[in-house]
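To be precise, the following lines are query18.cif, and they hold mmCIF, N, CA and C atoms.
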```
data_structure
#
loop_
_atom_site.group_PDB
_atom_site.id
_atom_site.type_symbol
_atom_site.label_atom_id
_atom_site.label_comp_id
_atom_site.auth_asym_id
_atom_site.auth_seq_id
_atom_site.Cartn_x
_atom_site.Cartn_y
_atom_site.Cartn_z
ATOM 1 N N MET A 718 0.838 -1.173 0.000
ATOM 2 C CA MET A 718 0.000 0.000 0.000
ATOM 3 C C MET A 718 0.887 1.242 0.000
ATOM 4 N N ALA A 719 0.455 2.275 -0.652
ATOM 5 C CA ALA A 719 1.246 3.501 -0.786
ATOM 6 C C ALA A 719 1.193 4.310 0.508
ATOM 7 N N ASP A 720 2.264 4.993 0.777
ATOM 8 C CA ASP A 720 2.342 5.848 1.960
ATOM 9 C C ASP A 720 1.525 7.116 1.697
ATOM 10 N N PRO A 721 0.576 7.450 2.587
ATOM 11 C CA PRO A 721 -0.275 8.618 2.340
ATOM 12 C C PRO A 721 0.452 9.953 2.547
ATOM 13 N N HIS A 722 1.639 9.924 3.110
ATOM 14 C CA HIS A 722 2.376 11.167 3.342
ATOM 15 C C HIS A 722 3.266 11.470 2.145
ATOM 16 N N HIS A 723 3.288 12.708 1.759
ATOM 17 C CA HIS A 723 4.101 13.148 0.622
ATOM 18 C C HIS A 723 5.280 13.952 1.149
ATOM 19 N N ALA A 724 6.310 14.060 0.320
ATOM 20 C CA ALA A 724 7.484 14.853 0.697
ATOM 21 C C ALA A 724 7.114 16.325 0.845
ATOM 22 N N SER A 725 6.094 16.759 0.125
ATOM 23 C CA SER A 725 5.694 18.168 0.190
ATOM 24 C C SER A 725 5.008 18.511 1.516
ATOM 25 N N ASP A 726 4.603 17.499 2.288
ATOM 26 C CA ASP A 726 3.965 17.759 3.572
ATOM 27 C C ASP A 726 4.936 18.358 4.578
ATOM 28 N N HIS A 727 6.236 18.148 4.378
ATOM 29 C CA HIS A 727 7.245 18.619 5.327
ATOM 30 C C HIS A 727 7.844 19.966 4.937
ATOM 31 N N TYR A 728 7.408 20.501 3.830
ATOM 32 C CA TYR A 728 7.951 21.785 3.363
ATOM 33 C C TYR A 728 7.380 22.926 4.188
ATOM 34 N N VAL A 729 8.251 23.812 4.637
ATOM 35 C CA VAL A 729 7.845 25.011 5.360
ATOM 36 C C VAL A 729 8.264 26.192 4.506
ATOM 37 N N ARG A 730 7.311 27.047 4.160
ATOM 38 C CA ARG A 730 7.587 28.176 3.285
ATOM 39 C C ARG A 730 8.682 29.058 3.885
ATOM 40 N N GLY A 731 9.685 29.404 3.049
ATOM 41 C CA GLY A 731 10.779 30.264 3.479
ATOM 42 C C GLY A 731 11.926 29.554 4.146
ATOM 43 N N SER A 732 11.900 28.226 4.172
ATOM 44 C CA SER A 732 12.949 27.492 4.871
ATOM 45 C C SER A 732 14.038 26.968 3.938
ATOM 46 N N GLN A 733 13.874 27.152 2.635
ATOM 47 C CA GLN A 733 14.833 26.618 1.677
ATOM 48 C C GLN A 733 16.005 27.583 1.490
ATOM 49 N N GLU A 734 17.204 27.040 1.312
ATOM 50 C CA GLU A 734 18.403 27.844 1.081
ATOM 51 C C GLU A 734 18.373 28.374 -0.348
ATOM 52 N N ILE A 735 18.480 29.705 -0.508
ATOM 53 C CA ILE A 735 18.371 30.292 -1.834
ATOM 54 C C ILE A 735 19.594 31.128 -2.203
ATOM 55 N N SER A 736 20.712 30.937 -1.540
ATOM 56 C CA SER A 736 21.885 31.763 -1.823
ATOM 57 C C SER A 736 22.386 31.583 -3.255
ATOM 58 N N GLU A 737 22.301 30.366 -3.802
ATOM 59 C CA GLU A 737 22.734 30.135 -5.182
ATOM 60 C C GLU A 737 21.820 30.850 -6.166
ATOM 61 N N GLN A 738 20.520 30.825 -5.917
ATOM 62 C CA GLN A 738 19.594 31.528 -6.796
ATOM 63 C C GLN A 738 19.822 33.026 -6.739
ATOM 64 N N GLU A 739 20.092 33.546 -5.544
ATOM 65 C CA GLU A 739 20.350 34.981 -5.401
ATOM 66 C C GLU A 739 21.604 35.390 -6.161
ATOM 67 N N SER A 740 22.669 34.597 -6.046
ATOM 68 C CA SER A 740 23.906 34.947 -6.741
ATOM 69 C C SER A 740 23.750 34.813 -8.251
ATOM 70 N N THR A 741 22.981 33.825 -8.709
ATOM 71 C CA THR A 741 22.726 33.682 -10.138
ATOM 72 C C THR A 741 21.917 34.864 -10.659
ATOM 73 N N PHE A 742 20.903 35.273 -9.920
ATOM 74 C CA PHE A 742 20.093 36.418 -10.323
ATOM 75 C C PHE A 742 20.926 37.696 -10.350
ATOM 76 N N ASP A 743 21.761 37.897 -9.339
ATOM 77 C CA ASP A 743 22.621 39.081 -9.317
ATOM 78 C C ASP A 743 23.585 39.093 -10.497
ATOM 79 N N ALA A 744 24.133 37.923 -10.846
ATOM 80 C CA ALA A 744 25.038 37.831 -12.002
ATOM 81 C C ALA A 744 24.287 38.133 -13.295
ATOM 82 N N PHE A 745 23.074 37.624 -13.435
ATOM 83 C CA PHE A 745 22.276 37.879 -14.636
ATOM 84 C C PHE A 745 21.950 39.364 -14.776
ATOM 85 N N VAL A 746 21.530 39.987 -13.683
ATOM 86 C CA VAL A 746 21.197 41.406 -13.729
ATOM 87 C C VAL A 746 22.440 42.230 -14.069
ATOM 88 N N GLY A 747 23.573 41.899 -13.464
ATOM 89 C CA GLY A 747 24.811 42.623 -13.750
ATOM 90 C C GLY A 747 25.242 42.489 -15.197
ATOM 91 N N MET A 748 25.203 41.258 -15.720
ATOM 92 C CA MET A 748 25.591 41.060 -17.121
ATOM 93 C C MET A 748 24.620 41.737 -18.073
ATOM 94 N N SER A 749 23.340 41.724 -17.751
ATOM 95 C CA SER A 749 22.352 42.397 -18.597
ATOM 96 C C SER A 749 22.567 43.904 -18.590
ATOM 97 N N LYS A 750 22.808 44.435 -17.411
ATOM 98 C CA LYS A 750 22.998 45.878 -17.246
ATOM 99 C C LYS A 750 24.237 46.357 -17.996
ATOM 100 N N TRP A 751 25.382 45.751 -17.718
ATOM 101 C CA TRP A 751 26.638 46.203 -18.340
ATOM 102 C C TRP A 751 26.706 45.808 -19.804
ATOM 103 N N GLY A 752 26.133 44.673 -20.174
ATOM 104 C CA GLY A 752 26.094 44.272 -21.582
ATOM 105 C C GLY A 752 25.262 45.229 -22.420
ATOM 106 N N SER A 753 24.152 45.689 -21.867
ATOM 107 C CA SER A 753 23.317 46.659 -22.578
ATOM 108 C C SER A 753 24.060 47.973 -22.786
ATOM 109 N N LEU A 754 24.822 48.390 -21.798
ATOM 110 C CA LEU A 754 25.602 49.627 -21.937
ATOM 111 C C LEU A 754 26.649 49.476 -23.030
ATOM 112 N N ILE A 755 27.346 48.355 -23.052
ATOM 113 C CA ILE A 755 28.383 48.133 -24.067
ATOM 114 C C ILE A 755 27.769 48.061 -25.462
ATOM 115 N N ILE A 756 26.637 47.373 -25.593
ATOM 116 C CA ILE A 756 25.975 47.273 -26.895
ATOM 117 C C ILE A 756 25.506 48.645 -27.367
ATOM 118 N N SER A 757 24.919 49.435 -26.480
ATOM 119 C CA SER A 757 24.429 50.753 -26.891
ATOM 120 C C SER A 757 25.577 51.682 -27.281
ATOM 121 N N ALA A 758 26.684 51.649 -26.543
ATOM 122 C CA ALA A 758 27.835 52.475 -26.903
ATOM 123 C C ALA A 758 28.441 52.020 -28.229
ATOM 124 N N SER A 759 28.486 50.714 -28.453
ATOM 125 C CA SER A 759 29.014 50.188 -29.716
ATOM 126 C C SER A 759 28.139 50.587 -30.898
ATOM 127 N N LEU A 760 26.831 50.488 -30.732
ATOM 128 C CA LEU A 760 25.926 50.892 -31.803
ATOM 129 C C LEU A 760 26.035 52.380 -32.103
ATOM 130 N N LEU A 761 26.147 53.189 -31.075
ATOM 131 C CA LEU A 761 26.326 54.624 -31.277
ATOM 132 C C LEU A 761 27.619 54.904 -32.026
ATOM 133 N N PHE A 762 28.708 54.264 -31.600
ATOM 134 C CA PHE A 762 30.005 54.437 -32.239
ATOM 135 C C PHE A 762 29.942 54.072 -33.718
ATOM 136 N N LEU A 763 29.402 52.898 -34.028
ATOM 137 C CA LEU A 763 29.348 52.445 -35.411
ATOM 138 C C LEU A 763 28.407 53.288 -36.263
ATOM 139 N N THR A 764 27.306 53.734 -35.695
ATOM 140 C CA THR A 764 26.355 54.559 -36.434
ATOM 141 C C THR A 764 26.974 55.898 -36.807
ATOM 142 N N ILE A 765 27.615 56.533 -35.862
ATOM 143 C CA ILE A 765 28.224 57.840 -36.149
ATOM 144 C C ILE A 765 29.423 57.688 -37.089
ATOM 145 N N TRP A 766 30.199 56.645 -36.916
ATOM 146 C CA TRP A 766 31.393 56.458 -37.745
ATOM 147 C C TRP A 766 31.033 56.160 -39.199
ATOM 148 N N PHE A 767 30.047 55.293 -39.440
ATOM 149 C CA PHE A 767 29.753 54.846 -40.797
ATOM 150 C C PHE A 767 28.613 55.589 -41.480
ATOM 151 N N GLN A 768 28.064 56.606 -40.857
ATOM 152 C CA GLN A 768 27.052 57.388 -41.550
ATOM 153 C C GLN A 768 27.729 58.202 -42.656
ATOM 154 N N PRO A 769 26.990 58.637 -43.668
ATOM 155 C CA PRO A 769 27.611 59.471 -44.710
ATOM 156 C C PRO A 769 28.171 60.754 -44.082
ATOM 157 N N GLY A 770 29.434 60.994 -44.280
ATOM 158 C CA GLY A 770 30.087 62.162 -43.695
ATOM 159 C C GLY A 770 30.536 61.940 -42.259
ATOM 160 N N GLY A 771 30.409 60.729 -41.759
ATOM 161 C CA GLY A 771 30.798 60.436 -40.386
ATOM 162 C C GLY A 771 32.308 60.298 -40.260
ATOM 163 N N ALA A 772 32.797 60.356 -39.039
ATOM 164 C CA ALA A 772 34.236 60.253 -38.801
ATOM 165 C C ALA A 772 34.482 59.446 -37.532
ATOM 166 N N PHE A 773 35.704 58.947 -37.417
ATOM 167 C CA PHE A 773 36.074 58.095 -36.301
ATOM 168 C C PHE A 773 36.129 58.865 -34.976
ATOM 169 N N ILE A 774 36.765 60.025 -34.977
ATOM 170 C CA ILE A 774 36.978 60.774 -33.730
ATOM 171 C C ILE A 774 35.660 61.198 -33.074
ATOM 172 N N PRO A 775 34.715 61.826 -33.798
ATOM 173 C CA PRO A 775 33.438 62.164 -33.136
ATOM 174 C C PRO A 775 32.683 60.920 -32.640
ATOM 175 N N ALA A 776 32.774 59.830 -33.382
ATOM 176 C CA ALA A 776 32.114 58.596 -32.950
ATOM 177 C C ALA A 776 32.739 58.073 -31.667
ATOM 178 N N PHE A 777 34.063 58.106 -31.597
ATOM 179 C CA PHE A 777 34.769 57.640 -30.401
ATOM 180 C C PHE A 777 34.421 58.508 -29.194
ATOM 181 N N ILE A 778 34.395 59.815 -29.388
ATOM 182 C CA ILE A 778 34.068 60.736 -28.286
ATOM 183 C C ILE A 778 32.641 60.481 -27.783
ATOM 184 N N ALA A 779 31.689 60.328 -28.709
ATOM 185 C CA ALA A 779 30.294 60.078 -28.310
ATOM 186 C C ALA A 779 30.167 58.766 -27.550
ATOM 187 N N ALA A 780 30.865 57.727 -28.014
ATOM 188 C CA ALA A 780 30.793 56.432 -27.342
ATOM 189 C C ALA A 780 31.402 56.503 -25.946
ATOM 190 N N VAL A 781 32.515 57.221 -25.812
ATOM 191 C CA VAL A 781 33.149 57.353 -24.495
ATOM 192 C C VAL A 781 32.237 58.126 -23.540
ATOM 193 N N VAL A 782 31.585 59.171 -24.039
ATOM 194 C CA VAL A 782 30.665 59.943 -23.195
ATOM 195 C C VAL A 782 29.524 59.051 -22.709
ATOM 196 N N VAL A 783 28.973 58.245 -23.601
ATOM 197 C CA VAL A 783 27.885 57.341 -23.206
ATOM 198 C C VAL A 783 28.378 56.302 -22.205
ATOM 199 N N LEU A 784 29.582 55.768 -22.418
ATOM 200 C CA LEU A 784 30.121 54.778 -21.480
ATOM 201 C C LEU A 784 30.368 55.377 -20.097
ATOM 202 N N VAL A 785 30.924 56.571 -20.044
ATOM 203 C CA VAL A 785 31.201 57.201 -18.747
ATOM 204 C C VAL A 785 29.892 57.541 -18.035
ATOM 205 N N ALA A 786 28.946 58.131 -18.761
ATOM 206 C CA ALA A 786 27.658 58.465 -18.148
ATOM 207 C C ALA A 786 26.936 57.196 -17.689
ATOM 208 N N GLY A 787 26.955 56.160 -18.522
ATOM 209 C CA GLY A 787 26.313 54.906 -18.158
ATOM 210 C C GLY A 787 26.962 54.246 -16.965
ATOM 211 N N PHE A 788 28.283 54.344 -16.872
ATOM 212 C CA PHE A 788 28.979 53.768 -15.720
ATOM 213 C C PHE A 788 28.501 54.401 -14.422
ATOM 214 N N PHE A 789 28.416 55.738 -14.401
ATOM 215 C CA PHE A 789 27.999 56.397 -13.164
ATOM 216 C C PHE A 789 26.511 56.187 -12.874
ATOM 217 N N ILE A 790 25.721 56.011 -13.897
ATOM 218 C CA ILE A 790 24.294 55.767 -13.684
ATOM 219 C C ILE A 790 24.049 54.329 -13.210
ATOM 220 N N LEU A 791 24.784 53.370 -13.770
ATOM 221 C CA LEU A 791 24.509 51.954 -13.501
ATOM 222 C C LEU A 791 25.273 51.365 -12.329
ATOM 223 N N LYS A 792 26.305 52.036 -11.847
ATOM 224 C CA LYS A 792 27.080 51.422 -10.766
ATOM 225 C C LYS A 792 26.207 51.247 -9.526
ATOM 226 N N SER A 793 26.495 50.215 -8.808
ATOM 227 C CA SER A 793 25.703 49.890 -7.614
ATOM 228 C C SER A 793 26.040 50.830 -6.474
ATOM 229 N N PRO A 794 25.072 51.174 -5.654
ATOM 230 C CA PRO A 794 25.379 51.998 -4.481
ATOM 231 C C PRO A 794 26.245 51.236 -3.489
ATOM 232 N N LYS A 795 26.992 51.953 -2.698
ATOM 233 C CA LYS A 795 27.866 51.315 -1.712
ATOM 234 C C LYS A 795 27.018 50.675 -0.609
ATOM 235 N N SER A 796 27.403 49.462 -0.234
ATOM 236 C CA SER A 796 26.713 48.764 0.844
ATOM 237 C C SER A 796 27.295 49.205 2.176
ATOM 238 N N HIS A 797 26.451 49.251 3.185
ATOM 239 C CA HIS A 797 26.906 49.667 4.519
ATOM 240 C C HIS A 797 27.289 48.477 5.342
#
```
Would you put the structure from the file into structure tokens?
Amino acid sequence: MADPHHASDHYVRGSQEISEQESTFDAFVGMSKWGSLIISASLLFLTIWFQPGGAFIPAFIAAVVVLVAGFFILKSPKSH
């Protein structure tokens, strides 16, 4: 005869260790955040450089400005 008790009967909400999930989520958010900044700066650089009449130096300056501004906007606040 089957045991009427299930493994789920012993589960208590909030008792499971989630440190691995937290670190995975933090890594995903970080890679998404910084990857988006790099992609946007790269697209800006290439668009300005290869447009008709475009040049390398203005494209480089615009990309650096976006990277610096994005760095200060996206960096995490200091933990106490």
Quick one: distance from atom N of Asp743 (chain A) to CA of Lys795 (chain A) in Å, one decimal?
16.6 Å
Find the residue from A:Ser793, A:Val746, A:Gly731, A:Ala780 that sits nearest to Ala758 (chain A); use all atoms listed in the file when measuring.
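Among the listed residues, A:Ala780 lies closest to Ala758 (chain A).
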So how far away is atom N of Phe789 (chain A) from atom N of Lys750 (chain A), in Å?
13.0 Å
I need the alpha helix (DSSP H) residues of chain A per DSSP on the backbone, written as a VMD selection string.
chain A and resid 736 to 767 773 to 791
Just give me the gap between CA of Leu763 (chain A) and CA of Phe777 (chain A) in Å, one decimal is fine.
9.0 Å
Need to verify the contact set: Ala776 (chain A), 12 Å, only C-alpha atoms, exclusion of same-chain residues closer than 4 positions in sequence. Can you return it as a list of chain:residue names?
A:Ala758, A:Ser759, A:Leu760, A:Leu761, A:Phe762, A:Leu763, A:Thr764, A:Ile765, A:Trp766, A:Phe767, A:Gln768, A:Gly770, A:Gly771, A:Ala772, A:Ala780, A:Val781, A:Val782, A:Val783
